[in-house]
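Undergrad: After the structure tokens below, expect a handful of questions from me.
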2 protein chains.
Amino acid sequence: MRPSVQTLTVDLGERSYPIHIGSGVLARAELLRAHVAGRQVMIVSNETVAPLYMQRTLAAFAGFQCASVILPDGEQYKRLDVLNSIFDALLEKQFDRRCTVVALGGGVVGDMAGFAAACYQRGVPFIQIPTTLLAQVDSSVGGKTGVNHPLGKNMIGAFHQPNCVLIDTDTLATLPDRELSAGIAEIIKYGLIRDRQFFAWLEAHMDALLARDPAVLAEAIERSCRNKADVVAADEKESGVRALLNLGHTFGHAIETGLGYGAWLHGEGVAAGMVMAAELSRRLGWLEAALLARIETLTRRARLPVRAPAQLEVDTLLRLMAVDKKAQAGKIRLVLLKSLGEAVVSDDYNPALLRAVLRDFRADETLLWRYGDGHG
Amino acid sequence: MRPSVQTLTVDLGERSYPIHIGSGVLARAELLRAHVAGRQVMIVSNETVAPLYMQRTLAAFAGFQCASVILPDGEQYKRLDVLNSIFDALLEKQFDRRCTVVALGGGVVGDMAGFAAACYQRGVPFIQIPTTLLAQVDSSVGGKTGVNHPLGKNMIGAFHQPNCVLIDTDTLATLPDRELSAGIAEIIKYGLIRDRQFFAWLEAHMDALLARDPAVLAEAIERSCRNKADVVAADEKESGVRALLNLGHTFGHAIETGLGYGAWLHGEGVAAGMVMAAELSRRLGWLEAALLARIETLTRRARLPVRAPAQLEVDTLLRLMAVDKKAQAGKIRLVLLKSLGEAVVSDDYNPALLRAVLRDFRADETLLWRYGDGHG
């Protein structure tokens with residue numbers, strides 16, 4: 001029996017590509033093979049995902065000249081020197097510029113494999129096979145690739161669209177609870193910035209989502225990817241509306257960078273950041289208190305932090321937020337909420353208000369994680 | 001008195017840009033300032049060029065928030081880890097994505113500054129101010145950027161077009177003779193691949209060129225840039241005709257990589273490679289012996305090597321040539337000559353012929369440099 005598959009399209013003219021979503025689709029070799037131009041396939045994965053899914057992926061590319069490179073697992077390894085190990089592997093195997101790079105893993109693997117593909121011989125094709133919820137609903141779609149710098153997240157990178165995104169929802173069975181929640185943060189984000197109905201649906205289905213109900217997971221992924229695909233198609237290089245996808249990210253990146261990459265998951269920083277952006281929006285008189293409460297409640301229910309860690313000083317957070325890619329001439333531009341489902345990019349706020357939110361919306365780690373399920 | 005300036009255009013639609021050529025044009029601040037969008041300017045140079053021209057360049061950007069980063073001088077430093085020092089400087093200064101990166105130096109500086117601009121915050125504008133003849137006639141035009149890998153030249157990079165190229169021919173006054181000759185190699189190349197009249201003009205003016213006659217230098221640069229701009233406009237991403245610009249480069253890159261980056265200059269490897277490509281073309285019956293003799297004679301007159309160094313084994317050269325970016329499925333594709341001024345990309349040759357050329361066209365370093373003027 002063939003597994004059923006839902007296919008969405010990211011509409012980018014001649015660089016359009018499909019997103020295939022379904023249970024067991026990694027066994028549908030023809031979905032992948034249609035997107036390989038040459039004969040050489042380099043599968044990039046990490047030490048956690050490779051033991052689980054590398055064999056299945058190699059089987060899907062049977063008949064091609066396959067090789068693999070296994071990266072260490074974690075945001076702290078999303079670095080230029082680790083990226084170089086992908087170039088080493090490609091050159092040692094004498095892969096030419098008709099080769100295809102395949103990302104098998106979460107957001108870190110996808111960002112690094114994609115950036116390697118963007119730069120190898122000035123650009124080779126690549127395929128995303130995201131295996132974490134966060135990568136499936138966000139980072140694998142849209143062509144943002146890159147690595148971190150000690151002074152800022154994702155500061156070094158490229159726009160490089162994949163030829164295909166293949167989402168096998170079965171891979172979520174092995175995902176730790178903490179990473180499931182981190183992915184839900186980005187799902188909630190779509191509700192906040194542009195899809196109020198989706199937010200309400202999430203309020204109704206959060207328990208089922210956390211229980212990994214297959215149908216609910218599949219619908220959440222599909223609705224998220226549809227939102228992401230629409231935004232990317234409208235503004236590929238982030239000159240406008242795409243910036244709204246960064247709700248919570250300026251706060252979140254500062255938390256991630258300040259704590260050291262890998263301490264908090266990306267989705268956790270984003271979750272706390274979204275609540276802080278919502279609070280600033282409320283203080284500006286843009287967002288009703290009742291909506292803020294719904295946002296905070298849903299985020300807590302997803303077992304995500306809703307405050308920044310108290311160990312980071314306000315000045316530290318402000319300094320780190322100032323290197324955000326949206327910053328211009330020293331002004332921190334933020335994604336803020338006009339309502340539930342309506343976001344804007346703005347630097348039209350009193351800096352003292354931002355400082356006050358940072359001061360008031362911090363909490364001890366121990367308190368932060370009382371909602372959680374085993375933060376290590 | 002305002003210095004006179006010749007302006008060519010690289011025609012790439014909305015990414016078109018001017019090449020300004022002239023004596024003293026670095027003092028024409030308005031030519032540069034028109035291409036800076038934001039307020040922040042990062043000047044990337046090296047330890048040789050910065051003492052000579054950094055002050056003049058900073059003066060041209062007076063009024064902007066300027067900073068600089070000085071790289072070590074030499075092809076052996078065109079590496080990913082040295083590239084990172086540019087990102088360090090940009091982030092330490094909190095430069096945002098409206099900043100402009102300026103390359104002030106030769107091909108290595110231009111390739112690295114351009115690649116840093118391509119990757120910083122996924123792409124910021126950049127300006128080329130080439131100060132070597134090679135960079136002025138070749139590498140500063142066309143948007144190829146990148147770094148080397150121990151296993152292959154220019155294997156990691158991006159296409160990223162500059163916003164402007166400013167060529168001040170006065171900077172050639174300080175150029176060592178050896179680097180002048182290396183630049184002439186790329187000038188001769190345009191004659192060989194597409195401009196037979198230019199080749200004849202070079203035969204008539206080689207002595208004046210080596211004597212740095214200003215008018216002859218200016219004409220050689222302008223005719224070279226015009227050839228380069230035409231080719232790039234026709235095929236920006238090298239899916240076709242642009243590959244012809246790589247005449248001699250597959251051989252040359254193998255020599256550079258085999259000897260260790262920095263031992264031979266890029267233009268020296270290209271010179272020997274062009275003669276070897278011409279010899280292979282002759283053995284294939286495509287090029288008359290008399291034309292080969294003219295090519296070899298002109299190259300020698302330019303004080304350039306016309307053989308590969310004997311210390312590199314034939315098998316070593318073949319292995320290094322096989323990782324060339326033009327290679328496909330293990331086949332080494334070469335730019336070969338059908339006549340003087342007419343080139344093709346081909347893998348339609350007997351590999352034994354290539355091996356024989358590599359065997360026969362090597363010489364001891366001491367012999368190679370009898371034409372030269374102080375090879376270190």
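Chain lettering (A, B, ...) mirrors the order of the structure tokens, residue numbering begins at 1 for each chain separately, and ligand numbering begins at 1 in order of display.
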Would you give me, as a Markdown table, each residue of stretch 114-204 of chain B having an atom within 10 Å of an atom of stretch 2-11 of chain B, along with its shortest atom pair and that distance in Å to one decimal, using only C-alpha atoms and sorting by chain and residue number?

TA:
| residue | atom | partner | partner_atom | distance |
| --- | --- | --- | --- | --- |
| B:Val141 | CA | B:Val10 | CA | 8.2 |
| B:Gly142 | CA | B:Val10 | CA | 8.0 |
| B:Gln161 | CA | B:Val10 | CA | 9.8 |
| B:Cys164 | CA | B:Thr9 | CA | 9.4 |
| B:Val165 | CA | B:Leu8 | CA | 9.7 |
| B:Leu166 | CA | B:Thr7 | CA | 9.4 |
| B:Ile167 | CA | B:Val5 | CA | 9.5 |
| B:Asp168 | CA | B:Val5 | CA | 9.2 |

Undergrad: Which residues are close to stretch 157-160 of chain A, i.e. within 7 Å by only C-alpha atoms, leaving aside same-chain residues fewer than 3 positions away? Reply as a list of chain:residue names.

TA: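 Close residues of stretch 157-160 of chain A: A:Gly114, A:Phe115, A:Ala118, A:Gly143, A:Lys144, A:Thr145, A:Gly146, A:Val147, A:Asn154, B:Cys119, B:Tyr120, B:Gln121, B:Arg122, B:Gly123.
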
Undergrad: May I have the residues from that selection written out with C-alpha atoms, as a CSV table (one decimal), in the first residue's frame?

TA:
chain,number,residue,atom,x,y,z
A,114,GLY,CA,21.7,24.2,2.7
A,115,PHE,CA,24.5,26.8,3.2
A,118,ALA,CA,24.7,27.4,-1.6
A,143,GLY,CA,15.6,28.8,1.5
A,144,LYS,CA,17.2,30.6,4.5
A,145,THR,CA,20.5,28.9,5.2
A,146,GLY,CA,23.5,29.7,7.3
A,147,VAL,CA,25.6,29.4,10.4
A,154,ASN,CA,22.4,33.3,11.6
B,119,CYS,CA,27.2,35.9,3.2
B,120,TYR,CA,27.0,38.6,5.8
B,121,GLN,CA,23.4,38.7,6.9
B,122,ARG,CA,22.7,36.7,3.7
B,123,GLY,CA,24.0,39.5,1.5

Undergrad: Check which residues of chain A sit at most 9 Å from chain B using only C-alpha atoms, and return one row each with the closest pair of atoms and their distance in Å to one decimal, ordered by chain and rising number, as JSON lines.

TA:
{"residue": "A:Gly38", "atom": "CA", "partner": "B:Ala329", "partner_atom": "CA", "distance": 8.3}
{"residue": "A:Arg39", "atom": "CA", "partner": "B:Ala329", "partner_atom": "CA", "distance": 7.8}
{"residue": "A:Gln40", "atom": "CA", "partner": "B:Ala329", "partner_atom": "CA", "distance": 8.6}
{"residue": "A:Leu80", "atom": "CA", "partner": "B:Leu80", "partner_atom": "CA", "distance": 7.6}
{"residue": "A:Asp81", "atom": "CA", "partner": "B:Asp81", "partner_atom": "CA", "distance": 7.5}
{"residue": "A:Asn84", "atom": "CA", "partner": "B:Leu80", "partner_atom": "CA", "distance": 8.0}
{"residue": "A:Phe87", "atom": "CA", "partner": "B:Ile156", "partner_atom": "CA", "distance": 7.8}
{"residue": "A:Asp88", "atom": "CA", "partner": "B:Leu151", "partner_atom": "CA", "distance": 8.0}
{"residue": "A:Leu91", "atom": "CA", "partner": "B:Leu151", "partner_atom": "CA", "distance": 6.4}
{"residue": "A:Glu92", "atom": "CA", "partner": "B:Leu151", "partner_atom": "CA", "distance": 7.6}
{"residue": "A:Gln94", "atom": "CA", "partner": "B:Val323", "partner_atom": "CA", "distance": 5.7}
{"residue": "A:Phe95", "atom": "CA", "partner": "B:Val323", "partner_atom": "CA", "distance": 7.7}
{"residue": "A:Asp96", "atom": "CA", "partner": "B:Gln328", "partner_atom": "CA", "distance": 6.0}
{"residue": "A:Arg97", "atom": "CA", "partner": "B:Lys325", "partner_atom": "CA", "distance": 6.3}
{"residue": "A:Arg98", "atom": "CA", "partner": "B:Gln328", "partner_atom": "CA", "distance": 7.2}
{"residue": "A:Ala116", "atom": "CA", "partner": "B:Ile156", "partner_atom": "CA", "distance": 8.3}
{"residue": "A:Ala118", "atom": "CA", "partner": "B:Ala158", "partner_atom": "CA", "distance": 7.3}
{"residue": "A:Cys119", "atom": "CA", "partner": "B:Gly157", "partner_atom": "CA", "distance": 4.8}
{"residue": "A:Tyr120", "atom": "CA", "partner": "B:Ile156", "partner_atom": "CA", "distance": 4.9}
{"residue": "A:Gln121", "atom": "CA", "partner": "B:Met155", "partner_atom": "CA", "distance": 4.8}
{"residue": "A:Arg122", "atom": "CA", "partner": "B:Ala158", "partner_atom": "CA", "distance": 4.4}
{"residue": "A:Gly123", "atom": "CA", "partner": "B:Ala158", "partner_atom": "CA", "distance": 6.9}
{"residue": "A:Lys144", "atom": "CA", "partner": "B:Arg122", "partner_atom": "CA", "distance": 8.2}
{"residue": "A:Thr145", "atom": "CA", "partner": "B:Arg122", "partner_atom": "CA", "distance": 8.3}
{"residue": "A:Gly146", "atom": "CA", "partner": "B:Arg122", "partner_atom": "CA", "distance": 7.9}
{"residue": "A:His149", "atom": "CA", "partner": "B:Phe87", "partner_atom": "CA", "distance": 8.1}
{"residue": "A:Pro150", "atom": "CA", "partner": "B:Asp88", "partner_atom": "CA", "distance": 8.8}
{"residue": "A:Leu151", "atom": "CA", "partner": "B:Leu91", "partner_atom": "CA", "distance": 6.4}
{"residue": "A:Gly152", "atom": "CA", "partner": "B:Leu91", "partner_atom": "CA", "distance": 7.6}
{"residue": "A:Asn154", "atom": "CA", "partner": "B:Gln121", "partner_atom": "CA", "distance": 7.2}
{"residue": "A:Met155", "atom": "CA", "partner": "B:Gln121", "partner_atom": "CA", "distance": 4.8}
{"residue": "A:Ile156", "atom": "CA", "partner": "B:Tyr120", "partner_atom": "CA", "distance": 4.9}
{"residue": "A:Gly157", "atom": "CA", "partner": "B:Arg122", "partner_atom": "CA", "distance": 4.7}
{"residue": "A:Ala158", "atom": "CA", "partner": "B:Arg122", "partner_atom": "CA", "distance": 4.4}
{"residue": "A:Phe159", "atom": "CA", "partner": "B:Arg122", "partner_atom": "CA", "distance": 6.4}
{"residue": "A:Ala322", "atom": "CA", "partner": "B:Gln94", "partner_atom": "CA", "distance": 7.6}
{"residue": "A:Val323", "atom": "CA", "partner": "B:Gln94", "partner_atom": "CA", "distance": 5.7}
{"residue": "A:Asp324", "atom": "CA", "partner": "B:Asp96", "partner_atom": "CA", "distance": 7.9}
{"residue": "A:Lys325", "atom": "CA", "partner": "B:Gln121", "partner_atom": "CA", "distance": 6.3}
{"residue": "A:Lys326", "atom": "CA", "partner": "B:Arg97", "partner_atom": "CA", "distance": 7.7}
{"residue": "A:Ala327", "atom": "CA", "partner": "B:Asp96", "partner_atom": "CA", "distance": 6.3}
{"residue": "A:Gln328", "atom": "CA", "partner": "B:Asp96", "partner_atom": "CA", "distance": 6.0}
{"residue": "A:Ala329", "atom": "CA", "partner": "B:Asp96", "partner_atom": "CA", "distance": 7.2}
{"residue": "A:Gly330", "atom": "CA", "partner": "B:Gln94", "partner_atom": "CA", "distance": 8.1}

Undergrad: Do you know which residues are at most 7 Å from B:Leu317 counting only C-alpha atoms, after dropping those on the same chain fewer than 5 positions away, and could you put them as JSON, numbers by chain?

TA: {"B": [254, 255, 312]}

Undergrad: Any idea what's packed within 12 Å of A:Ala59, counting only C-alpha atoms, ignoring anything in its chain fewer than 2 positions away? Could you give it as a list in words?

TA: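 Once the adjacent positions are removed, what remains is Leu26, Ala27, Arg28, Ala29, Glu30, Leu32, Arg33, Ile43, Tyr53, Met54, Gln55, Arg56, Thr57, Phe61, Ala62, Gly63, Phe64, Gln65 and Cys66 of chain A.
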
Undergrad: Name the residues in contact with A:Met276 at a cut-off of 10 Å, using only C-alpha atoms, excluding same-chain residues fewer than 4 positions from it; report them as a tab-separated table (two decimals) with C-alpha atoms, in the first residue's frame.

TA:
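Generated file (out05.tsv):
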chain	number	residue	atom	x	y	z
A	247	LEU	CA	7.96	37.43	15.53
A	248	GLY	CA	9.73	36.72	18.82
A	251	PHE	CA	14.21	38.47	21.64
A	252	GLY	CA	14.79	34.76	21.13
A	270	VAL	CA	11.09	32.21	20.14
A	271	ALA	CA	8.27	31.25	22.53
A	272	ALA	CA	9.48	33.57	25.29
A	280	LEU	CA	5.23	45.24	24.42
A	281	SER	CA	2.34	45.43	21.93
A	282	ARG	CA	-0.09	45.52	24.84
A	292	LEU	CA	-2.19	38.63	25.47
A	296	GLU	CA	0.53	33.34	27.11
A	306	VAL	CA	7.01	32.62	28.51
A	307	ARG	CA	9.76	34.65	30.17
A	308	ALA	CA	13.45	35.29	29.47
A	336	LEU	CA	4.82	43.52	17.05
A	354	LEU	CA	11.13	47.81	25.58
A	357	VAL	CA	9.32	44.68	29.25
A	358	LEU	CA	12.77	43.08	29.34
A	360	ASP	CA	9.60	42.67	33.95
A	361	PHE	CA	9.44	39.59	31.75
A	362	ARG	CA	12.35	37.64	33.13

Undergrad: For A:Ala293, work out the shell of residues within 12 Å, counting only C-alpha atoms and skipping chain neighbours fewer than 2 positions away, then give it as a PyMOL selection string.

TA: chain A and resi 275-276+278-279+282+287-291+295-300+306+340

Undergrad: Can I get the selected residues back with C-alpha atoms, as a compact mmCIF listing (two decimals), in the first residue's frame?

TA:
# COMPACT_ATOMS: atom_id res chain seq x y z
CA VAL A 275 5.12 36.58 24.62
CA MET A 276 7.47 39.52 25.25
CA ALA A 278 2.93 40.60 22.70
CA GLU A 279 3.45 42.29 26.07
CA ARG A 282 -0.09 45.52 24.84
CA LEU A 287 -3.10 44.51 21.73
CA GLU A 288 -5.94 43.81 24.15
CA ALA A 289 -4.99 42.31 27.49
CA ALA A 290 -7.38 39.41 26.91
CA LEU A 291 -5.54 38.46 23.71
CA ILE A 295 -1.27 33.90 23.82
CA GLU A 296 0.53 33.34 27.11
CA THR A 297 -1.86 30.56 28.11
CA LEU A 298 -1.48 28.65 24.84
CA THR A 299 2.30 29.00 24.98
CA ARG A 300 2.39 27.65 28.54
CA VAL A 306 7.01 32.62 28.51
CA LEU A 340 -4.34 38.37 17.04

Undergrad: As an MDAnalysis selection string, please: all residues of stretch 233-364 of chain B that backbone DSSP puts in helix (DSSP H, G or I).

TA: chainID B and resid 233:234 241:246 249:259 266:283 289:301 314:321 351:360

Undergrad: Report as a list in words all protein, DNA and RNA residues lying within 12 Å of B:Ala234, evaluated on only C-alpha atoms, omitting residues in the same chain fewer than 4 positions from it.

TA: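 Close residues of B:Ala234: Val10, Asp11, Leu12, Gly13, Gly142, Asn227, Lys228, Ala229, Asp230, Glu238, Ser239, Gly240, Val241, Arg242 and Ala243 of chain B.
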
Undergrad: Calculated over only C-alpha atoms, which of the candidates A:Ala204, A:Ile21, A:Leu353, A:Val344 has the smallest distance to A:Asp170?

TA: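 With only C-alpha atoms as the atom set, the closest residue is A:Ile21.
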
Undergrad: For the atom pair atom CA of B:Lys338 and atom CA of B:Pro309, what is the interatomic distance in Å to one decimal place?

TA: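 Here the two named atoms are 26.1 Å from each other.
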